[in-house]
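*Asks:* Structure: data12.cif, mmCIF, C-alpha atoms.
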data_coords
#
loop_
_atom_site.group_PDB
_atom_site.id
_atom_site.type_symbol
_atom_site.label_atom_id
_atom_site.label_comp_id
_atom_site.auth_asym_id
_atom_site.auth_seq_id
_atom_site.Cartn_x
_atom_site.Cartn_y
_atom_site.Cartn_z
ATOM 1 C CA MET A 936 -43.660 -48.950 5.584
ATOM 2 C CA LYS A 937 -46.844 -48.708 7.621
ATOM 3 C CA HIS A 938 -47.144 -50.827 10.746
ATOM 4 C CA TYR A 939 -50.248 -52.348 12.255
ATOM 5 C CA GLU A 940 -51.681 -52.179 15.715
ATOM 6 C CA VAL A 941 -53.254 -55.472 16.748
ATOM 7 C CA GLU A 942 -55.688 -55.921 19.595
ATOM 8 C CA ILE A 943 -56.849 -59.357 20.652
ATOM 9 C CA LEU A 944 -60.169 -59.709 22.467
ATOM 10 C CA ASP A 945 -61.733 -62.663 24.247
ATOM 11 C CA ALA A 946 -64.325 -64.117 21.838
ATOM 12 C CA LYS A 947 -66.779 -64.783 24.686
ATOM 13 C CA THR A 948 -66.475 -61.753 26.969
ATOM 14 C CA LYS A 949 -65.008 -59.217 24.470
ATOM 15 C CA ASP A 950 -62.435 -58.261 27.119
ATOM 16 C CA LYS A 951 -59.129 -56.984 25.767
ATOM 17 C CA LEU A 952 -56.453 -59.615 26.315
ATOM 18 C CA CYS A 953 -53.520 -58.180 24.436
ATOM 19 C CA PHE A 954 -52.389 -55.130 22.446
ATOM 20 C CA LEU A 955 -49.515 -55.456 19.980
ATOM 21 C CA ASP A 956 -47.863 -52.301 18.666
ATOM 22 C CA LYS A 957 -45.855 -51.843 15.466
ATOM 23 C CA VAL A 958 -46.623 -55.234 13.944
ATOM 24 C CA GLU A 959 -45.062 -55.776 10.525
ATOM 25 C CA PRO A 960 -47.603 -55.922 7.656
ATOM 26 C CA ASN A 961 -46.125 -59.215 6.430
ATOM 27 C CA ALA A 962 -46.535 -60.852 9.853
ATOM 28 C CA THR A 963 -48.461 -64.115 9.782
ATOM 29 C CA ILE A 964 -51.177 -65.254 12.157
ATOM 30 C CA GLY A 965 -48.701 -67.853 13.405
ATOM 31 C CA GLU A 966 -46.270 -65.068 14.354
ATOM 32 C CA ILE A 967 -49.069 -63.076 16.034
ATOM 33 C CA LYS A 968 -49.922 -66.190 18.065
ATOM 34 C CA SER A 969 -46.303 -66.358 19.228
ATOM 35 C CA MET A 970 -46.419 -62.688 20.274
ATOM 36 C CA PHE A 971 -49.681 -63.304 22.122
ATOM 37 C CA HIS A 972 -48.130 -66.324 23.843
ATOM 38 C CA LYS A 973 -45.383 -64.104 25.322
ATOM 39 C CA SER A 974 -47.948 -62.064 27.240
ATOM 40 C CA HIS A 975 -50.118 -65.116 28.076
ATOM 41 C CA PRO A 976 -47.761 -68.104 28.581
ATOM 42 C CA GLN A 977 -50.650 -70.437 29.486
ATOM 43 C CA TRP A 978 -51.992 -70.239 25.920
ATOM 44 C CA TYR A 979 -49.319 -71.729 23.667
ATOM 45 C CA PRO A 980 -49.841 -71.214 19.895
ATOM 46 C CA ALA A 981 -51.369 -74.663 19.214
ATOM 47 C CA ARG A 982 -53.998 -73.922 21.854
ATOM 48 C CA GLN A 983 -55.069 -70.625 20.263
ATOM 49 C CA SER A 984 -57.861 -70.012 17.792
ATOM 50 C CA ILE A 985 -57.561 -66.523 16.294
ATOM 51 C CA ARG A 986 -60.489 -65.270 14.216
ATOM 52 C CA LEU A 987 -61.879 -62.085 12.649
ATOM 53 C CA ASP A 988 -65.334 -62.628 14.128
ATOM 54 C CA PRO A 989 -66.183 -64.054 17.568
ATOM 55 C CA LYS A 990 -68.216 -66.841 15.971
ATOM 56 C CA GLY A 991 -66.235 -67.065 12.738
ATOM 57 C CA LYS A 992 -63.730 -69.628 11.499
ATOM 58 C CA SER A 993 -60.184 -69.829 12.797
ATOM 59 C CA LEU A 994 -57.596 -68.076 10.676
ATOM 60 C CA LYS A 995 -54.775 -70.184 9.277
ATOM 61 C CA ASP A 996 -51.282 -69.791 10.714
ATOM 62 C CA GLU A 997 -49.978 -68.899 7.261
ATOM 63 C CA ASP A 998 -52.497 -66.065 6.702
ATOM 64 C CA VAL A 999 -50.659 -62.726 6.293
ATOM 65 C CA LEU A 1000 -51.857 -59.652 8.204
ATOM 66 C CA GLN A 1001 -51.823 -57.226 5.261
ATOM 67 C CA HIS A 1002 -53.887 -59.623 3.141
ATOM 68 C CA LEU A 1003 -56.708 -59.813 5.684
ATOM 69 C CA PRO A 1004 -59.767 -57.514 5.572
ATOM 70 C CA VAL A 1005 -58.592 -55.345 8.494
ATOM 71 C CA GLY A 1006 -57.508 -51.738 8.916
ATOM 72 C CA THR A 1007 -54.204 -50.501 10.347
ATOM 73 C CA THR A 1008 -55.730 -51.219 13.752
ATOM 74 C CA ALA A 1009 -56.707 -54.882 13.497
ATOM 75 C CA THR A 1010 -59.073 -56.532 15.943
ATOM 76 C CA PHE A 1011 -58.928 -60.285 16.387
ATOM 77 C CA TYR A 1012 -60.882 -62.603 18.665
ATOM 78 C CA PHE A 1013 -59.315 -65.388 20.687
ATOM 79 C CA ARG A 1014 -60.752 -68.744 21.739
ATOM 80 C CA ASP A 1015 -58.971 -71.295 23.903
ATOM 81 C CA LEU A 1016 -58.964 -74.676 22.159
ATOM 82 C CA GLY A 1017 -58.020 -76.458 25.381
ATOM 83 C CA ALA A 1018 -55.021 -78.650 26.109
ATOM 84 C CA GLN A 1019 -53.525 -80.076 22.917
ATOM 85 C CA ILE A 1020 -51.730 -83.308 22.052
ATOM 86 C CA SER A 1021 -49.837 -84.252 18.896
ATOM 87 C CA TRP A 1022 -51.604 -86.270 16.197
ATOM 88 C CA VAL A 1023 -48.703 -88.731 16.182
ATOM 89 C CA THR A 1024 -49.137 -89.440 19.902
ATOM 90 C CA VAL A 1025 -52.898 -89.912 19.479
ATOM 91 C CA PHE A 1026 -52.506 -92.276 16.524
ATOM 92 C CA LEU A 1027 -49.792 -94.350 18.194
ATOM 93 C CA THR A 1028 -51.894 -94.697 21.345
ATOM 94 C CA GLU A 1029 -55.177 -95.545 19.642
ATOM 95 C CA TYR A 1030 -53.522 -98.087 17.299
ATOM 96 C CA ALA A 1031 -51.177 -99.764 19.789
ATOM 97 C CA GLY A 1032 -54.125 -100.499 22.095
ATOM 98 C CA PRO A 1033 -56.109 -102.762 19.706
ATOM 99 C CA LEU A 1034 -52.924 -104.616 18.736
ATOM 100 C CA LEU A 1035 -52.100 -105.519 22.350
ATOM 101 C CA ILE A 1036 -55.698 -106.053 23.495
ATOM 102 C CA TYR A 1037 -56.445 -108.481 20.655
ATOM 103 C CA LEU A 1038 -53.299 -110.486 21.422
ATOM 104 C CA MET A 1039 -54.348 -110.807 25.082
ATOM 105 C CA PHE A 1040 -57.568 -112.512 23.973
ATOM 106 C CA TYR A 1041 -55.756 -114.579 21.331
ATOM 107 C CA PHE A 1042 -53.317 -116.005 23.918
ATOM 108 C CA ARG A 1043 -56.249 -116.395 26.341
ATOM 109 C CA VAL A 1044 -54.526 -114.778 29.279
ATOM 110 C CA PRO A 1045 -56.149 -115.539 32.671
ATOM 111 C CA PHE A 1046 -59.431 -113.926 33.808
ATOM 112 C CA ILE A 1047 -60.870 -113.629 30.281
ATOM 113 C CA TYR A 1048 -62.310 -117.104 29.736
ATOM 114 C CA ALA A 1049 -62.788 -120.018 32.132
ATOM 115 C CA PRO A 1050 -59.551 -121.019 33.957
ATOM 116 C CA LYS A 1051 -59.283 -124.321 32.051
ATOM 117 C CA TYR A 1052 -58.755 -122.316 28.826
ATOM 118 C CA ASP A 1053 -55.879 -120.156 30.131
ATOM 119 C CA PHE A 1054 -53.087 -119.967 27.513
ATOM 120 C CA THR A 1055 -54.725 -122.599 25.302
ATOM 121 C CA THR A 1056 -54.985 -122.180 21.523
ATOM 122 C CA SER A 1057 -57.914 -122.527 19.179
ATOM 123 C CA LYS A 1058 -58.254 -125.618 17.005
ATOM 124 C CA HIS A 1059 -59.608 -123.510 14.091
ATOM 125 C CA TRP A 1060 -56.984 -122.160 11.695
ATOM 126 C CA VAL A 1061 -59.180 -119.182 10.801
ATOM 127 C CA VAL A 1062 -58.723 -117.884 14.368
ATOM 128 C CA HIS A 1063 -54.946 -117.797 13.879
ATOM 129 C CA LEU A 1064 -55.335 -116.225 10.443
ATOM 130 C CA ALA A 1065 -57.649 -113.561 11.867
ATOM 131 C CA CYS A 1066 -55.087 -112.716 14.537
ATOM 132 C CA MET A 1067 -52.369 -112.332 11.890
ATOM 133 C CA CYS A 1068 -54.601 -110.083 9.754
ATOM 134 C CA HIS A 1069 -55.702 -107.933 12.689
ATOM 135 C CA SER A 1070 -52.102 -107.577 13.919
ATOM 136 C CA PHE A 1071 -50.846 -106.805 10.412
ATOM 137 C CA HIS A 1072 -53.465 -104.061 10.032
ATOM 138 C CA TYR A 1073 -52.500 -102.247 13.225
ATOM 139 C CA VAL A 1074 -48.733 -102.720 12.793
ATOM 140 C CA LYS A 1075 -49.192 -101.178 9.330
ATOM 141 C CA ARG A 1076 -51.086 -98.246 10.867
ATOM 142 C CA LEU A 1077 -48.382 -97.686 13.481
ATOM 143 C CA LEU A 1078 -45.590 -97.729 10.864
ATOM 144 C CA GLU A 1079 -47.563 -95.385 8.581
ATOM 145 C CA THR A 1080 -48.028 -92.956 11.471
ATOM 146 C CA LEU A 1081 -44.273 -92.936 12.105
ATOM 147 C CA PHE A 1082 -42.936 -92.954 8.554
ATOM 148 C CA VAL A 1083 -45.657 -92.102 6.007
ATOM 149 C CA HIS A 1084 -48.315 -89.643 7.199
ATOM 150 C CA ARG A 1085 -47.721 -85.905 6.997
ATOM 151 C CA PHE A 1086 -50.186 -84.011 9.151
ATOM 152 C CA SER A 1087 -51.536 -80.600 8.134
ATOM 153 C CA HIS A 1088 -52.340 -79.918 11.796
ATOM 154 C CA GLY A 1089 -49.734 -80.760 14.412
ATOM 155 C CA THR A 1090 -52.097 -81.156 17.339
ATOM 156 C CA MET A 1091 -55.635 -82.022 18.360
ATOM 157 C CA PRO A 1092 -57.583 -81.474 21.625
ATOM 158 C CA LEU A 1093 -56.356 -83.733 24.438
ATOM 159 C CA ARG A 1094 -59.923 -84.903 25.182
ATOM 160 C CA ASN A 1095 -60.052 -86.588 21.759
ATOM 161 C CA ILE A 1096 -57.528 -89.220 22.791
ATOM 162 C CA PHE A 1097 -59.968 -90.590 25.393
ATOM 163 C CA LYS A 1098 -62.837 -90.687 22.899
ATOM 164 C CA ASN A 1099 -60.719 -92.284 20.158
ATOM 165 C CA CYS A 1100 -59.160 -94.869 22.462
ATOM 166 C CA THR A 1101 -62.547 -95.846 23.882
ATOM 167 C CA TYR A 1102 -63.752 -96.483 20.318
ATOM 168 C CA TYR A 1103 -60.746 -98.447 19.030
ATOM 169 C CA TRP A 1104 -59.857 -100.292 22.225
ATOM 170 C CA GLY A 1105 -63.464 -101.124 23.075
ATOM 171 C CA PHE A 1106 -64.276 -102.560 19.660
ATOM 172 C CA ALA A 1107 -60.981 -104.504 19.598
ATOM 173 C CA ALA A 1108 -61.863 -106.174 22.911
ATOM 174 C CA TRP A 1109 -65.422 -106.935 21.776
ATOM 175 C CA MET A 1110 -64.253 -108.495 18.493
ATOM 176 C CA ALA A 1111 -61.365 -110.388 20.040
ATOM 177 C CA TYR A 1112 -63.520 -111.871 22.820
ATOM 178 C CA TYR A 1113 -65.812 -113.649 20.356
ATOM 179 C CA ILE A 1114 -63.284 -114.567 17.642
ATOM 180 C CA ASN A 1115 -60.925 -116.162 20.176
ATOM 181 C CA HIS A 1116 -63.664 -117.665 22.341
ATOM 182 C CA PRO A 1117 -63.314 -121.433 22.968
ATOM 183 C CA LEU A 1118 -66.849 -121.913 21.561
ATOM 184 C CA TYR A 1119 -66.206 -119.917 18.373
ATOM 185 C CA THR A 1120 -67.337 -121.679 15.178
ATOM 186 C CA PRO A 1121 -65.738 -121.052 11.748
ATOM 187 C CA PRO A 1122 -67.601 -119.392 8.824
ATOM 188 C CA ILE A 1123 -70.469 -121.375 7.328
ATOM 189 C CA TYR A 1124 -68.876 -121.806 3.880
ATOM 190 C CA GLY A 1125 -65.553 -122.922 5.285
ATOM 191 C CA GLU A 1126 -62.219 -122.588 3.500
ATOM 192 C CA GLN A 1127 -63.633 -121.040 0.321
ATOM 193 C CA GLN A 1128 -65.176 -118.168 2.291
ATOM 194 C CA ILE A 1129 -62.014 -117.661 4.337
ATOM 195 C CA ARG A 1130 -59.718 -117.630 1.311
ATOM 196 C CA LEU A 1131 -61.933 -115.178 -0.582
ATOM 197 C CA ALA A 1132 -62.038 -112.950 2.509
ATOM 198 C CA LEU A 1133 -58.245 -113.077 2.833
ATOM 199 C CA ILE A 1134 -57.803 -112.000 -0.805
ATOM 200 C CA VAL A 1135 -60.220 -109.078 -0.291
ATOM 201 C CA PHE A 1136 -58.466 -108.080 2.948
ATOM 202 C CA LEU A 1137 -54.929 -108.150 1.518
ATOM 203 C CA PHE A 1138 -55.954 -106.439 -1.732
ATOM 204 C CA CYS A 1139 -57.525 -103.564 0.212
ATOM 205 C CA GLN A 1140 -54.610 -103.306 2.650
ATOM 206 C CA ILE A 1141 -52.199 -102.870 -0.283
ATOM 207 C CA GLY A 1142 -54.616 -100.382 -1.866
ATOM 208 C CA ASN A 1143 -54.903 -98.375 1.346
ATOM 209 C CA PHE A 1144 -51.110 -98.220 1.716
ATOM 210 C CA SER A 1145 -50.749 -97.169 -1.938
ATOM 211 C CA ILE A 1146 -53.163 -94.274 -1.433
ATOM 212 C CA HIS A 1147 -51.340 -93.140 1.716
ATOM 213 C CA ILE A 1148 -48.045 -93.071 -0.210
ATOM 214 C CA ALA A 1149 -49.681 -91.112 -3.064
ATOM 215 C CA LEU A 1150 -51.125 -88.567 -0.613
ATOM 216 C CA ARG A 1151 -47.772 -88.251 1.169
ATOM 217 C CA ASN A 1152 -46.026 -87.461 -2.114
ATOM 218 C CA LEU A 1153 -48.477 -84.600 -2.738
ATOM 219 C CA ARG A 1154 -47.279 -82.677 0.326
ATOM 220 C CA PRO A 1155 -43.610 -81.629 0.628
ATOM 221 C CA PRO A 1156 -42.081 -82.149 4.103
ATOM 222 C CA GLY A 1157 -43.014 -79.395 6.558
ATOM 223 C CA SER A 1158 -45.600 -77.777 4.292
ATOM 224 C CA LYS A 1159 -49.381 -77.521 4.410
ATOM 225 C CA THR A 1160 -49.759 -77.455 0.635
ATOM 226 C CA ARG A 1161 -52.958 -78.982 -0.718
ATOM 227 C CA LYS A 1162 -53.174 -80.365 -4.254
ATOM 228 C CA ILE A 1163 -55.698 -82.421 -6.190
ATOM 229 C CA PRO A 1164 -54.718 -86.110 -5.874
ATOM 230 C CA TYR A 1165 -54.536 -87.918 -9.217
ATOM 231 C CA PRO A 1166 -53.823 -91.551 -10.161
ATOM 232 C CA THR A 1167 -50.153 -92.520 -10.413
ATOM 233 C CA LYS A 1168 -48.471 -95.425 -12.232
ATOM 234 C CA ASN A 1169 -49.543 -97.660 -9.325
ATOM 235 C CA PRO A 1170 -52.800 -99.396 -10.443
ATOM 236 C CA PHE A 1171 -54.151 -99.263 -6.875
ATOM 237 C CA THR A 1172 -54.331 -95.464 -7.186
ATOM 238 C CA TRP A 1173 -56.455 -95.512 -10.360
ATOM 239 C CA ILE A 1174 -59.554 -95.459 -8.137
ATOM 240 C CA PHE A 1175 -58.805 -91.718 -7.756
ATOM 241 C CA LEU A 1176 -60.597 -91.391 -11.108
ATOM 242 C CA LEU A 1177 -63.881 -92.193 -9.343
ATOM 243 C CA VAL A 1178 -63.411 -91.434 -5.637
ATOM 244 C CA SER A 1179 -62.103 -88.473 -3.625
ATOM 245 C CA CYS A 1180 -61.047 -90.519 -0.566
ATOM 246 C CA PRO A 1181 -60.033 -93.997 -1.767
ATOM 247 C CA ASN A 1182 -58.055 -94.572 1.436
ATOM 248 C CA TYR A 1183 -61.457 -94.841 3.158
ATOM 249 C CA THR A 1184 -62.812 -97.003 0.335
ATOM 250 C CA TYR A 1185 -59.966 -99.491 0.776
ATOM 251 C CA GLU A 1186 -60.282 -99.307 4.582
ATOM 252 C CA LEU A 1187 -63.947 -100.252 4.275
ATOM 253 C CA GLY A 1188 -63.006 -103.114 1.939
ATOM 254 C CA SER A 1189 -60.443 -104.420 4.433
ATOM 255 C CA TRP A 1190 -62.998 -104.605 7.241
ATOM 256 C CA LEU A 1191 -65.620 -106.157 4.974
ATOM 257 C CA GLY A 1192 -63.015 -108.824 4.185
ATOM 258 C CA PHE A 1193 -62.307 -109.323 7.891
ATOM 259 C CA THR A 1194 -66.063 -109.573 8.576
ATOM 260 C CA LEU A 1195 -66.409 -112.214 5.865
ATOM 261 C CA MET A 1196 -63.377 -114.085 7.207
ATOM 262 C CA THR A 1197 -64.537 -114.273 10.828
ATOM 263 C CA GLN A 1198 -68.324 -114.183 10.284
ATOM 264 C CA CYS A 1199 -68.503 -112.373 13.600
ATOM 265 C CA LEU A 1200 -71.239 -109.880 14.517
ATOM 266 C CA PRO A 1201 -68.999 -107.465 16.530
ATOM 267 C CA VAL A 1202 -66.697 -107.181 13.480
ATOM 268 C CA ALA A 1203 -69.705 -106.346 11.282
ATOM 269 C CA ALA A 1204 -70.785 -103.711 13.832
ATOM 270 C CA PHE A 1205 -67.293 -102.160 13.842
ATOM 271 C CA THR A 1206 -67.297 -102.137 10.032
ATOM 272 C CA LEU A 1207 -70.705 -100.425 9.917
ATOM 273 C CA VAL A 1208 -69.812 -97.752 12.496
ATOM 274 C CA GLY A 1209 -66.470 -97.169 10.761
ATOM 275 C CA PHE A 1210 -68.188 -96.839 7.387
ATOM 276 C CA ILE A 1211 -70.592 -94.217 8.758
ATOM 277 C CA GLN A 1212 -67.736 -92.189 10.291
ATOM 278 C CA MET A 1213 -65.528 -92.475 7.178
ATOM 279 C CA THR A 1214 -68.460 -91.361 5.007
ATOM 280 C CA VAL A 1215 -68.795 -88.197 7.114
ATOM 281 C CA TRP A 1216 -65.059 -87.510 6.763
ATOM 282 C CA ALA A 1217 -65.066 -88.295 3.023
ATOM 283 C CA LYS A 1218 -68.030 -85.997 2.342
ATOM 284 C CA GLY A 1219 -66.309 -83.186 4.238
ATOM 285 C CA LYS A 1220 -63.075 -83.649 2.325
ATOM 286 C CA HIS A 1221 -64.943 -83.903 -0.985
ATOM 287 C CA ARG A 1222 -66.732 -80.599 -0.261
ATOM 288 C CA SER A 1223 -63.449 -78.880 0.618
ATOM 289 C CA TYR A 1224 -61.856 -80.134 -2.626
ATOM 290 C CA LEU A 1225 -64.779 -78.767 -4.659
ATOM 291 C CA LYS A 1226 -64.607 -75.445 -2.826
ATOM 292 C CA GLU A 1227 -60.832 -75.060 -3.102
ATOM 293 C CA PHE A 1228 -60.237 -76.295 -6.664
ATOM 294 C CA ARG A 1229 -62.413 -75.024 -9.518
ATOM 295 C CA ASP A 1230 -61.047 -77.691 -11.857
ATOM 296 C CA TYR A 1231 -61.749 -80.562 -9.458
ATOM 297 C CA PRO A 1232 -62.908 -83.687 -11.388
ATOM 298 C CA THR A 1233 -66.718 -83.792 -11.334
ATOM 299 C CA LEU A 1234 -66.923 -87.568 -11.859
ATOM 300 C CA ARG A 1235 -65.614 -88.324 -8.386
ATOM 301 C CA SER A 1236 -67.814 -89.402 -5.466
ATOM 302 C CA PRO A 1237 -66.678 -89.027 -1.822
ATOM 303 C CA ILE A 1238 -66.181 -92.727 -0.892
ATOM 304 C CA LEU A 1239 -68.171 -95.158 -3.113
ATOM 305 C CA PRO A 1240 -68.027 -94.735 -6.929
ATOM 306 C CA PHE A 1241 -71.303 -93.350 -8.363
ATOM 307 C CA ILE A 1242 -73.145 -94.078 -5.095
ATOM 308 C CA LEU A 1243 -71.922 -92.077 -2.117
#
Can you dump the structure from the file as structure tokens?
*Replies:*
Amino acid sequence: MKHYEVEILDAKTKDKLCFLDKVEPNATIGEIKSMFHKSHPQWYPARQSIRLDPKGKSLKDEDVLQHLPVGTTATFYFRDLGAQISWVTVFLTEYAGPLLIYLMFYFRVPFIYAPKYDFTTSKHWVVHLACMCHSFHYVKRLLETLFVHRFSHGTMPLRNIFKNCTYYWGFAAWMAYYINHPLYTPPIYGEQQIRLALIVFLFCQIGNFSIHIALRNLRPPGSKTRKIPYPTKNPFTWIFLLVSCPNYTYELGSWLGFTLMTQCLPVAAFTLVGFIQMTVWAKGKHRSYLKEFRDYPTLRSPILPFIL
């Protein structure tokens, strides 16, 4: 059995960082990262990007050496991805923040509003309903992070946690300040508008959870397998017939419902910004599905049926 010699160069300077002798042909990139880590302890595997070209795409951990377009002396290029943090930690942090921040405004803790309003409650029932819906949404997200989601990538750059928390925590404070403000006024069409909004919100929350369960069941524990998601017996998943990322579709619907319920401009702004970001993610995922699966259903749109 022939063995490989592997040299790893710095993608920026082209300096040789590591030379590995007698590497098994069935060694994976993940195993090569572990070997590289032994000679450079500061660069743990999750922090490494190994590629065939200095400006090329990162190779997957599961890629096998003998299946790559390299000779018996293989040259790879290394880039430092920076300090990493687990996706679970990021999600728990960015979701716990809005839950707690919103409740601080709801209970009107001191130094937010005028002193005479400290620990008072709103006279409008929609304010209490909005707090329950907002809390339900983020408790759901926290529980899904712990018990439902299976992540294809274990980590993300540490700097992302600051960006993500600024977004989620900042918007939560902005929304909560106005919804729980002593001068807040209920929606113009009253109870009918609020009840319709609640139905939309709950419907989309159930739909979003249903999609997350369907996506979880596509990926066996501990694997990075990707399959085409199809509708299941659950009617909330039938939207897969028309949309590639219905979890984002339902998420958008939930926030539209919350906007309608509170009739609050900061909520509408959060919904709009979220929609733009989710559209970017959905388009990217839709493109990857089309690229990876030749038999991918052509009727599907990324996020909105027949539109977007």
*Asks:* Residue by residue, what does the PyMOL selection byres ((chain A and resi 957) around 8) grab here? Present the result as a ChimeraX atom specification.
*Replies:* /A:938-940,955-956,958-959
*Asks:* Take every atom of region 1205-1210 of chain A listed in the file, pad by 4 Å on each side, and give me the axis-aligned box centre and edge lengths in Å, one decimal, as AutoDock Vina command-line options.
*Replies:*
--center_x -68.6 --center_y -99.5 --center_z 10.6 --size_x 12.2 --size_y 13.3 --size_z 14.5
*Asks:* Using all atoms listed in the file, pick whichever of A:Thr1160, A:Ser1179, A:Asn1169, A:Thr1184 has the shortest atom-to-atom distance to Arg1222 (chain A).
*Replies:*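 Among A:Thr1160, A:Ser1179, A:Asn1169, A:Thr1184, it is A:Ser1179 that comes nearest to Arg1222 (chain A).
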*Asks:* Within 6 Å of Pro960 (chain A), counting only C-alpha atoms, which residues qualify if same-chain residues fewer than 2 places away don't, as a tab-separated table (two decimals) with C-alpha atoms, keeping the file's coordinate frame?
*Replies:*
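New file selection_25.tsv:
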chain	number	residue	atom	x	y	z
A	938	HIS	CA	-47.14	-50.83	10.75
A	962	ALA	CA	-46.54	-60.85	9.85
A	1000	LEU	CA	-51.86	-59.65	8.20
A	1001	GLN	CA	-51.82	-57.23	5.26
*Asks:* List as a ChimeraX atom specification: which residues have an atom within 8 Å of (-52.9, -87.2, -3.9), counting all atoms listed in the file?
*Replies:* /A:1146,1149-1153,1162-1166
*Asks:* Given all atoms listed in the file as the basis, pick out the residue of A:Pro976, A:Pro1201, A:Gly1017, A:Gly1219 nearest to Met1110 (chain A).
*Replies:*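 Going through A:Pro976, A:Pro1201, A:Gly1017, A:Gly1219 one by one, the smallest distance to Met1110 (chain A) is for A:Pro1201.
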*Asks:* Which region 1087-1138 of chain A residues have any atom within 9 Å of an atom of region 1044-1056 of chain A, and for each, what is the nearest pair of atoms with distance in Å to one decimal, counting all atoms listed in the file, rows sorted by chain and number, as JSON lines?
*Replies:*
{"residue": "A:Tyr1112", "atom": "CA", "partner": "A:Ile1047", "partner_atom": "CA", "distance": 8.1}
{"residue": "A:Asn1115", "atom": "CA", "partner": "A:Thr1056", "partner_atom": "CA", "distance": 8.6}
{"residue": "A:His1116", "atom": "CA", "partner": "A:Tyr1048", "partner_atom": "CA", "distance": 7.5}
{"residue": "A:Pro1117", "atom": "CA", "partner": "A:Tyr1052", "partner_atom": "CA", "distance": 7.5}
*Asks:* Of the candidates A:Phe1144, A:Leu1027, A:Tyr1183, A:Phe1171, which shows the shortest atom-to-atom distance to Leu1077 (chain A), using only C-alpha atoms?
*Replies:*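 Between A:Phe1144, A:Leu1027, A:Tyr1183, A:Phe1171, the residue approaching Leu1077 (chain A) most closely is A:Leu1027.
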*Asks:* Specify as a PyMOL selection string each residue included when the PyMOL selection byres ((chain A and resi 984) around 12) is applied to this file.
*Replies:* chain A and resi 943-946+964-965+967-968+971+978-983+985-996+1011-1017
*Asks:* I want to know what sits within 12 Å of Leu1038 (chain A), based on all atoms listed in the file, with residues of the same chain fewer than 2 positions away left out; could you give that as a PyMOL selection string?
*Replies:* chain A and resi 1031-1036+1040-1044+1054+1056+1062-1063+1065-1071+1073+1107-1108+1110-1112+1114-1115
*Asks:* A:Gly1125, A:Lys1226, A:Val1178, A:Val1215: which is nearest Ile1242 (chain A), counting only C-alpha atoms?
*Replies:*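 For Ile1242 (chain A), the nearest of the candidates is A:Val1178.
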